[in-house]
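Participant: structure33.txt (compact mmCIF, C-alpha atoms (C1' of nucleotides)) pasted underneath:
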```txt
# COMPACT_ATOMS: atom_id res chain seq x y z
CA MET A 1 128.35 128.29 197.68
CA PRO A 2 128.00 124.88 196.10
CA PRO A 3 124.67 123.70 197.38
CA GLU A 4 124.55 120.88 199.85
CA THR A 5 123.34 117.97 197.83
CA ASN A 6 120.48 116.29 199.60
CA ASP A 7 121.01 112.84 198.23
CA ARG A 8 121.38 110.67 201.29
CA PRO A 9 124.16 108.14 201.67
CA THR A 10 123.09 104.55 201.11
CA ALA A 11 123.80 101.84 203.65
CA ALA A 12 127.11 100.88 202.07
CA GLU A 13 128.11 104.49 201.67
CA TRP A 14 127.36 105.11 205.33
CA LYS A 15 129.91 102.52 206.33
CA VAL A 16 132.74 104.30 204.61
CA LEU A 17 131.36 107.68 205.58
CA LYS A 18 131.50 106.64 209.19
CA ILE A 19 135.07 105.51 208.80
CA VAL A 20 135.99 108.91 207.43
CA TYR A 21 134.21 110.60 210.33
CA GLU A 22 136.22 108.51 212.72
CA LEU A 23 139.51 109.14 210.99
CA GLY A 24 138.79 112.82 210.60
CA SER A 25 140.75 113.76 207.53
CA CYS A 26 142.31 110.87 205.75
CA ALA A 27 143.70 109.27 202.64
CA ALA A 28 141.84 106.66 200.66
CA ARG A 29 144.24 104.00 201.74
CA GLU A 30 143.35 104.37 205.39
CA VAL A 31 139.70 104.01 204.59
CA VAL A 32 140.38 101.02 202.41
CA GLU A 33 142.29 99.32 205.20
CA GLN A 34 139.53 99.86 207.73
CA ALA A 35 136.79 98.80 205.37
CA GLN A 36 138.71 95.76 204.33
CA GLU A 37 138.95 94.71 207.92
CA SER A 38 135.39 95.42 208.95
CA ASP A 39 133.53 94.50 205.77
CA GLY A 40 135.94 92.59 203.61
CA TRP A 41 135.46 94.97 200.75
CA SER A 42 137.96 95.24 197.92
CA ALA A 43 139.91 98.44 197.40
CA SER A 44 137.90 99.09 194.26
CA THR A 45 134.65 98.94 196.12
CA VAL A 46 135.77 101.39 198.73
CA LYS A 47 137.12 103.74 196.12
CA THR A 48 133.83 103.66 194.29
CA LEU A 49 131.96 104.45 197.47
CA LEU A 50 134.32 107.30 198.28
CA ARG A 51 133.76 108.73 194.84
CA ARG A 52 130.02 108.49 195.13
CA LEU A 53 130.11 110.15 198.51
CA VAL A 54 132.08 113.01 197.01
CA ASP A 55 129.64 113.22 194.10
CA LYS A 56 126.72 113.40 196.48
CA GLY A 57 128.42 116.09 198.50
CA HIS A 58 128.94 114.21 201.72
CA LEU A 59 132.71 114.23 201.41
CA LYS A 60 135.21 116.79 200.17
CA ALA A 61 138.35 115.58 198.47
CA ARG A 62 141.44 117.77 198.48
CA ARG A 63 144.16 116.80 196.08
CA ILE A 64 147.54 116.22 197.71
CA GLY A 65 150.09 115.39 195.06
CA THR A 66 148.96 112.21 193.44
CA SER A 67 146.31 111.29 195.93
CA PHE A 68 143.42 112.80 197.82
CA LEU A 69 142.67 113.76 201.34
CA TYR A 70 139.07 113.09 202.20
CA ARG A 71 137.08 114.82 204.88
CA PRO A 72 133.40 115.13 205.73
CA SER A 73 131.55 118.05 204.21
CA ARG A 74 129.34 118.53 207.23
CA PRO A 75 129.30 117.64 210.90
CA ILE A 76 128.09 114.15 211.55
CA HIS A 77 125.14 115.50 213.49
CA THR A 78 123.74 116.93 210.32
CA GLU A 79 124.00 113.63 208.55
CA LEU A 80 122.57 111.71 211.46
CA ARG A 81 119.61 114.03 211.76
CA SER A 82 118.80 113.30 208.22
CA SER A 83 118.65 109.61 209.06
CA ALA A 84 116.70 110.39 212.19
CA ASP A 85 114.13 112.26 210.15
CA ALA A 86 113.35 109.09 208.28
CA LEU A 87 112.56 107.48 211.59
CA LEU A 88 110.23 110.30 212.57
CA GLU A 89 108.41 110.03 209.29
CA ARG A 90 107.92 106.32 209.73
CA ALA A 91 106.68 106.34 213.30
CA THR A 92 102.94 106.25 213.77
CA GLU A 93 101.11 108.04 216.57
CA GLY A 94 102.47 106.96 219.90
CA ALA A 95 105.32 104.91 218.55
CA MET A 96 108.12 107.34 219.30
CA GLY A 97 107.90 106.97 223.07
CA PRO A 98 108.85 103.30 223.16
CA LEU A 99 111.27 103.79 220.31
CA LEU A 100 113.14 106.49 222.17
CA GLN A 101 113.32 104.27 225.21
CA TYR A 102 114.85 101.61 223.05
CA LEU A 103 117.38 104.04 221.66
CA VAL A 104 118.31 105.45 225.03
CA LYS A 105 118.85 101.96 226.38
CA ARG A 106 121.08 100.93 223.54
CA SER A 107 122.98 104.19 223.40
CA GLN A 108 124.86 103.79 226.66
CA LEU A 109 124.92 107.50 227.26
CA SER A 110 127.39 109.07 229.64
CA ASP A 111 126.16 110.67 232.86
CA GLU A 112 126.63 114.03 231.31
CA GLU A 113 124.57 113.14 228.29
CA LEU A 114 121.89 111.69 230.53
CA ASP A 115 121.80 114.94 232.46
CA GLN A 116 121.36 116.93 229.31
CA LEU A 117 118.61 114.70 228.10
CA GLN A 118 116.98 115.02 231.48
CA GLU A 119 117.01 118.78 231.26
CA LEU A 120 115.55 118.67 227.82
CA ILE A 121 112.74 116.46 229.04
CA ASP A 122 111.95 118.91 231.79
CA ARG A 123 111.79 121.71 229.30
CA GLN A 124 109.56 119.64 227.09
CA ARG A 125 107.12 119.15 229.93
CA GLN A 126 106.89 122.90 230.38
CA GLU A 127 106.24 123.51 226.75
CA GLY A 128 103.72 120.73 226.61
CA ARG A 129 101.75 122.34 229.42
CA SER A 130 101.67 125.81 227.96
CA ASP A 131 101.11 124.53 224.48
CA GLY A 132 98.06 122.40 224.94
CA MET B 1 106.70 79.42 211.74
CA PRO B 2 107.89 81.00 208.50
CA PRO B 3 111.02 82.88 209.47
CA GLU B 4 110.91 86.60 209.76
CA THR B 5 112.55 87.84 206.62
CA ASN B 6 115.13 90.42 207.50
CA ASP B 7 114.98 92.37 204.29
CA ARG B 8 114.15 95.86 205.38
CA PRO B 9 111.48 97.95 203.69
CA THR B 10 112.80 100.62 201.37
CA ALA B 11 111.75 104.25 201.69
CA ALA B 12 108.85 103.86 199.28
CA GLU B 13 107.76 100.63 200.88
CA TRP B 14 107.77 102.28 204.27
CA LYS B 15 105.22 104.78 203.11
CA VAL B 16 102.67 102.16 202.26
CA LEU B 17 103.67 100.05 205.24
CA LYS B 18 102.90 102.97 207.47
CA ILE B 19 99.53 103.41 205.85
CA VAL B 20 98.72 99.77 206.57
CA TYR B 21 99.83 100.21 210.17
CA GLU B 22 97.51 103.15 210.49
CA LEU B 23 94.57 101.42 208.89
CA GLY B 24 95.19 98.24 210.84
CA SER B 25 93.80 95.56 208.60
CA CYS B 26 92.75 96.76 205.22
CA ALA B 27 92.06 96.18 201.56
CA ALA B 28 94.39 97.28 198.80
CA ARG B 29 91.94 99.93 197.70
CA GLU B 30 92.12 101.78 200.99
CA VAL B 31 95.86 101.85 200.82
CA VAL B 32 95.75 103.00 197.22
CA GLU B 33 93.44 105.86 198.12
CA GLN B 34 95.64 107.06 200.94
CA ALA B 35 98.81 106.75 198.94
CA GLN B 36 97.27 108.51 196.00
CA GLU B 37 96.40 111.39 198.23
CA SER B 38 99.67 111.64 200.11
CA ASP B 39 102.12 110.72 197.38
CA GLY B 40 100.26 110.87 194.12
CA TRP B 41 101.17 107.29 193.32
CA SER B 42 99.27 105.29 190.76
CA ALA B 43 97.29 102.25 191.85
CA SER B 44 99.81 100.04 190.09
CA THR B 45 102.67 101.47 192.06
CA VAL B 46 100.94 100.90 195.35
CA LYS B 47 100.03 97.36 194.40
CA THR B 48 103.62 96.62 193.49
CA LEU B 49 104.79 97.97 196.81
CA LEU B 50 102.20 95.94 198.68
CA ARG B 51 103.31 92.83 196.87
CA ARG B 52 106.95 93.46 197.63
CA LEU B 53 106.14 94.05 201.28
CA VAL B 54 104.35 90.71 201.37
CA ASP B 55 107.29 89.05 199.62
CA LYS B 56 109.70 90.48 202.14
CA GLY B 57 107.52 89.32 204.99
CA HIS B 58 106.47 92.67 206.39
CA LEU B 59 102.82 92.21 205.46
CA LYS B 60 100.50 89.24 205.52
CA ALA B 61 97.78 89.00 202.89
CA ARG B 62 94.63 87.03 203.61
CA ARG B 63 92.45 86.24 200.64
CA ILE B 64 88.87 87.45 200.95
CA GLY B 65 86.91 86.41 197.89
CA THR B 66 88.50 88.15 194.97
CA SER B 67 90.70 90.49 196.91
CA PHE B 68 93.08 90.55 199.83
CA LEU B 69 93.08 91.84 203.33
CA TYR B 70 96.49 93.15 204.29
CA ARG B 71 97.85 93.40 207.77
CA PRO B 72 101.29 93.90 209.29
CA SER B 73 103.25 90.78 210.12
CA ARG B 74 104.78 92.30 213.21
CA PRO B 75 104.16 95.15 215.60
CA ILE B 76 105.40 98.45 214.31
CA HIS B 77 107.85 98.69 217.18
CA THR B 78 109.74 95.78 215.77
CA GLU B 79 110.00 97.41 212.38
CA LEU B 80 110.96 100.75 213.84
CA ARG B 81 113.66 99.24 215.98
CA SER B 82 115.16 97.83 212.87
CA SER B 83 115.34 101.34 211.43
CA ALA B 84 116.64 102.63 214.72
CA ASP B 85 119.42 100.09 214.64
CA ALA B 86 120.71 101.62 211.45
CA LEU B 87 121.00 104.88 213.30
CA LEU B 88 122.92 103.29 216.14
CA GLU B 89 125.32 101.70 213.70
CA ARG B 90 125.95 105.00 212.00
CA ALA B 91 126.51 107.12 215.06
CA THR B 92 130.09 107.65 216.10
CA GLU B 93 131.28 107.93 219.69
CA GLY B 94 129.39 110.70 221.45
CA ALA B 95 126.97 111.40 218.65
CA MET B 96 123.93 109.72 220.15
CA GLY B 97 123.47 112.24 222.95
CA PRO B 98 122.76 115.21 220.72
CA LEU B 99 120.88 113.01 218.30
CA LEU B 100 118.53 111.80 220.99
CA GLN B 101 117.93 115.36 222.07
CA TYR B 102 117.00 116.18 218.52
CA LEU B 103 114.62 113.24 218.38
CA VAL B 104 112.99 114.00 221.70
CA LYS B 105 112.43 117.57 220.64
CA ARG B 106 110.81 116.64 217.38
CA SER B 107 108.80 113.80 218.81
CA GLN B 108 106.39 115.92 220.80
CA LEU B 109 105.98 113.26 223.45
CA SER B 110 103.01 113.23 225.80
CA ASP B 111 103.54 113.89 229.49
CA GLU B 112 103.16 110.23 230.15
CA GLU B 113 105.80 109.30 227.61
CA LEU B 114 108.09 111.95 229.03
CA ASP B 115 107.63 110.44 232.46
CA GLN B 116 108.52 107.01 231.23
CA LEU B 117 111.58 108.29 229.45
CA GLN B 118 112.54 110.09 232.61
CA GLU B 119 112.31 106.92 234.63
CA LEU B 120 114.39 105.09 232.13
CA ILE B 121 117.03 107.76 232.30
CA ASP B 122 117.16 107.41 236.06
CA ARG B 123 117.60 103.70 235.77
CA GLN B 124 120.34 104.22 233.22
CA ARG B 125 122.23 106.44 235.63
CA GLN B 126 122.16 103.67 238.21
CA GLU B 127 123.43 101.11 235.81
CA GLY B 128 126.10 103.41 234.53
CA ARG B 129 127.43 103.85 238.05
CA SER B 130 127.60 100.20 238.92
CA ASP B 131 128.87 99.31 235.52
CA GLY B 132 131.89 101.61 235.34
C1' DA C 1 166.30 104.55 183.15
C1' DC C 2 163.35 100.65 184.82
C1' DC C 3 160.33 98.08 187.75
C1' DA C 4 157.23 97.63 191.55
C1' DA C 5 153.75 99.75 194.40
C1' DC C 6 150.19 102.82 194.61
C1' DC C 7 146.52 105.89 193.19
C1' DG C 8 142.44 107.45 191.03
C1' DT C 9 139.48 106.63 186.80
C1' DC C 10 136.72 104.00 183.72
C1' DT C 11 133.95 100.27 182.88
C1' DA C 12 131.01 96.49 184.13
C1' DC C 13 127.21 94.16 185.72
C1' DA C 14 123.76 91.76 188.58
C1' DT C 15 120.23 93.48 191.70
C1' DC C 16 117.28 96.34 193.85
C1' DT C 17 114.11 100.39 193.67
C1' DG C 18 110.70 103.53 192.05
C1' DT C 19 107.07 103.95 189.08
C1' DA C 20 103.57 102.33 186.10
C1' DG C 21 100.79 100.12 182.06
C1' DC C 22 98.12 96.35 180.50
C1' DC C 23 95.41 92.11 180.98
C1' DG C 24 92.39 88.47 182.31
C1' DA C 25 89.17 87.01 186.14
C1' DC C 26 85.55 88.02 188.78
C1' DA C 27 81.70 90.87 190.34
C1' DT C 28 78.04 94.01 189.94
C1' DC C 29 74.41 96.66 187.92
C1' DG C 30 70.92 96.64 184.57
C1' DC D 1 73.16 87.91 179.56
C1' DG D 2 76.09 91.96 178.67
C1' DA D 3 78.58 96.23 180.02
C1' DT D 4 81.45 98.18 183.38
C1' DG D 5 84.24 98.50 187.29
C1' DT D 6 87.69 96.14 190.50
C1' DC D 7 91.33 93.43 191.78
C1' DG D 8 95.52 91.02 191.69
C1' DG D 9 99.16 89.37 188.41
C1' DC D 10 102.59 89.95 184.88
C1' DT D 11 105.68 92.78 182.52
C1' DA D 12 108.59 96.74 181.87
C1' DC D 13 112.11 99.79 182.39
C1' DA D 14 115.16 103.56 183.79
C1' DG D 15 118.03 104.74 187.46
C1' DA D 16 120.37 103.62 191.96
C1' DT D 17 123.23 100.38 194.51
C1' DG D 18 126.62 96.86 195.76
C1' DT D 19 130.68 94.99 194.30
C1' DA D 20 134.81 94.72 191.70
C1' DG D 21 138.30 94.15 187.69
C1' DA D 22 141.31 96.48 184.42
C1' DC D 23 144.04 100.42 183.09
C1' DG D 24 147.10 104.21 182.74
C1' DG D 25 149.75 107.68 185.26
C1' DT D 26 153.03 108.64 188.99
C1' DT D 27 156.46 107.87 192.48
C1' DG D 28 159.98 105.79 194.98
C1' DG D 29 163.63 102.91 194.96
C1' DT D 30 167.92 100.92 192.71
```
Would you encode the structure as structure tokens?
Facilitator:
Amino acid sequence: MPPETNDRPTAAEWKVLKIVYELGSCAAREVVEQAQESDGWSASTVKTLLRRLVDKGHLKARRIGTSFLYRPSRPIHTELRSSADALLERATEGAMGPLLQYLVKRSQLSDEELDQLQELIDRQRQEGRSDG
Amino acid sequence: MPPETNDRPTAAEWKVLKIVYELGSCAAREVVEQAQESDGWSASTVKTLLRRLVDKGHLKARRIGTSFLYRPSRPIHTELRSSADALLERATEGAMGPLLQYLVKRSQLSDEELDQLQELIDRQRQEGRSDG
DNA sequence: ACCAACCGTCTACATCTGTAGCCGACATCG
DNA sequence: CGATGTCGGCTACAGATGTAGACGGTTGGT
């Protein structure tokens, strides 16, 4: 099993990575179009970023005739957790509470998601009690 | 008022920035000590990072005799929100729910923080209803 | 068979990052 | 006053990043 590279995507790479996540499985051209619209990048730029993402292991490229079909190597949750970890490392004692409030506010969660978060919070209270 | 530079701290810079946040207001030497312990960085490296953080506007340096007293330019929440924004930009539709669960789990919030988050969630439900 | 459109590859290059050595100024201990 | 330790400043430099042009192969039309 080719090891999951752990080199994180850079900011620019994340933009195209996100596009691929949204498109699912796609050709370079589709990504180029999207990126051109949203960021004004040239085709070359996008192609370079796609290549680097493949090199780093975030994308898989499957050859189809003359071109490639790109798709994410891992579920987006895995990638996002990696970004989230950076946040956890940066937060000082007591900073996560307010930060999470900020995130929840801006996330516009659905009722269902709010319910799930709610349940998790209840569970956390339990654990907190029994844990010290 | 000198404008808040919007150049975000890099990963390495964040490490020393965090140390300064934890120490409050401190001399370079204290930061160097901490960083040496936690990351094995040379004094030079830490000094470079401090300087860059000052250049970018994340730290203020006040001259005290021959040396400097460093302190954060803004509350850590402001800096963290900036990092959090990156996360929000990266998340695709429906990805924030699970991601927030992950963050809440790893954050080990206090009962008080859990209560506040809870309240916020309740408020969010209200808004969601009236908002569509 | 030829030309246009398209595709991925190679190359380029200014900047930014990570990491650190060396130096001169000042201070501190004798 | 001289030796020694500190401190910030300057310089360095390899590797990562952001951004893109040029090129050669292929394909689809005519």
Participant: Give as a JSON list (two decimals) with C-alpha atoms, in the coordinates of the input every residue of chain A that touches chain D within 12 Å, counting all atoms listed in the file.
Facilitator:
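Okay, this is what ended up in out_9.json:
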```
[["chain", "number", "residue", "atom", "x", "y", "z"],
["A", 7, "ASP", "CA", 121.01, 112.84, 198.23],
["A", 8, "ARG", "CA", 121.38, 110.67, 201.29],
["A", 9, "PRO", "CA", 124.16, 108.14, 201.67],
["A", 10, "THR", "CA", 123.09, 104.55, 201.11],
["A", 11, "ALA", "CA", 123.80, 101.84, 203.65],
["A", 12, "ALA", "CA", 127.11, 100.88, 202.07],
["A", 13, "GLU", "CA", 128.11, 104.49, 201.67],
["A", 39, "ASP", "CA", 133.53, 94.50, 205.77],
["A", 40, "GLY", "CA", 135.94, 92.59, 203.61],
["A", 41, "TRP", "CA", 135.46, 94.97, 200.75],
["A", 42, "SER", "CA", 137.96, 95.24, 197.92],
["A", 43, "ALA", "CA", 139.91, 98.44, 197.40],
["A", 44, "SER", "CA", 137.90, 99.09, 194.26],
["A", 45, "THR", "CA", 134.65, 98.94, 196.12],
["A", 46, "VAL", "CA", 135.77, 101.39, 198.73],
["A", 47, "LYS", "CA", 137.12, 103.74, 196.12],
["A", 48, "THR", "CA", 133.83, 103.66, 194.29],
["A", 49, "LEU", "CA", 131.96, 104.45, 197.47],
["A", 52, "ARG", "CA", 130.02, 108.49, 195.13],
["A", 65, "GLY", "CA", 150.09, 115.39, 195.06],
["A", 66, "THR", "CA", 148.96, 112.21, 193.44],
["A", 67, "SER", "CA", 146.31, 111.29, 195.93]]
```
Participant: Just want the 12 Å neighbourhood of Tyr21 in chain B, counted on all atoms listed in the file, with same-chain residues fewer than 4 positions away dropped. Output as a short mmCIF file (atom, residue, chain, number, x, y, z; two decimals) with C-alpha atoms, in the frame of the given file.
Facilitator:
```
data_model
loop_
_atom_site.label_atom_id
_atom_site.label_comp_id
_atom_site.auth_asym_id
_atom_site.auth_seq_id
_atom_site.Cartn_x
_atom_site.Cartn_y
_atom_site.Cartn_z
CA ARG A 90 107.92 106.32 209.73
CA ALA A 91 106.68 106.34 213.30
CA THR A 92 102.94 106.25 213.77
CA GLU A 93 101.11 108.04 216.57
CA ALA A 95 105.32 104.91 218.55
CA TRP B 14 107.77 102.28 204.27
CA LYS B 15 105.22 104.78 203.11
CA VAL B 16 102.67 102.16 202.26
CA LEU B 17 103.67 100.05 205.24
CA SER B 25 93.80 95.56 208.60
CA CYS B 26 92.75 96.76 205.22
CA VAL B 31 95.86 101.85 200.82
CA HIS B 58 106.47 92.67 206.39
CA LEU B 59 102.82 92.21 205.46
CA LYS B 60 100.50 89.24 205.52
CA TYR B 70 96.49 93.15 204.29
CA ARG B 71 97.85 93.40 207.77
CA PRO B 72 101.29 93.90 209.29
CA SER B 73 103.25 90.78 210.12
CA ARG B 74 104.78 92.30 213.21
CA PRO B 75 104.16 95.15 215.60
CA ILE B 76 105.40 98.45 214.31
CA HIS B 77 107.85 98.69 217.18
CA GLU B 79 110.00 97.41 212.38
CA LEU B 80 110.96 100.75 213.84
#
```
Participant: Which residue gives the smallest distance to Ala86 in chain A among B:Leu120, B:Ile19, B:Leu103, B:Val32, with only C-alpha atoms counted?
Facilitator: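 That would be B:Leu103, the residue with the smallest distance to Ala86 in chain A.
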Participant: So for range 1-12 of chain C, what box centre and size do we get, axis-aligned, 8 Å extra on each of the six sides, every listed atom, Å to one decimal, as JSON?
Facilitator:
```
{"center_x": 148.7, "center_y": 102.0, "center_z": 188.7, "size_x": 51.3, "size_y": 27.0, "size_z": 27.7}
```
Participant: Given the choices C:DG30, C:DA5, C:DC23, C:DT17, which gets closest to chain B if the distance is worked out from all atoms listed in the file?
Facilitator: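 Among the listed residues, the smallest separation from chain B belongs to C:DT17.
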Participant: Could you give me, as CSV, every chain C residue with an atom at most 12 Å from chain A, plus its closest atom pair and distance in Å to one decimal, counting all atoms listed in the file, rows ordered by chain then number?
Facilitator:
```
residue,atom,partner,partner_atom,distance
C:DC6,C1',A:Arg29,CA,9.4
C:DC7,C1',A:Ser67,CA,6.1
C:DG8,C1',A:Ser67,CA,7.3
C:DT9,C1',A:Thr48,CA,9.8
C:DC10,C1',A:Thr48,CA,11.0
C:DT11,C1',A:Thr48,CA,11.9
```
Participant: Restricting the calculation to all atoms listed in the file: of A:Gln34, A:Gly128, A:Arg63, A:Leu50, which residue gets closest to chain B?
Facilitator: A:Gly128
Participant: Using only C-alpha atoms, what does the table of chain B residues within 7 Å of chain A look like, with each row giving the shortest atom pair and its distance in Å to one decimal, sorted by chain and ascending number, as a tab-separated table?
Facilitator:
```
residue	atom	partner	partner_atom	distance
B:Trp14	CA	A:Arg90	CA	6.8
B:Lys18	CA	A:Arg90	CA	6.4
B:His77	CA	A:Ala95	CA	6.9
B:Arg81	CA	A:Leu99	CA	6.7
B:Ser83	CA	A:Leu87	CA	6.7
B:Leu87	CA	A:Ser83	CA	6.8
B:Arg90	CA	A:Lys18	CA	6.4
B:Ala95	CA	A:His77	CA	6.8
B:Met96	CA	A:Ser107	CA	6.5
B:Gly97	CA	A:Glu113	CA	5.5
B:Leu99	CA	A:Arg81	CA	6.7
B:Gln101	CA	A:Leu117	CA	6.1
B:Ser107	CA	A:Met96	CA	6.5
B:Leu109	CA	A:Gly97	CA	6.6
B:Asp111	CA	A:Arg125	CA	6.4
B:Glu113	CA	A:Gly97	CA	5.5
B:Leu114	CA	A:Ile121	CA	6.5
B:Leu117	CA	A:Gln101	CA	6.1
B:Gln118	CA	A:Gln118	CA	6.7
B:Ile121	CA	A:Leu114	CA	6.5
B:Arg125	CA	A:Asp111	CA	6.4
```
Participant: So how far away is CA of Gln36 in chain A from CA of Leu69 in chain A, in Å?
Facilitator: 18.7 Å
Participant: In Å, how far is it from CA of Lys56 in chain A to CA of Ser82 in chain B?
Facilitator: 25.4 Å
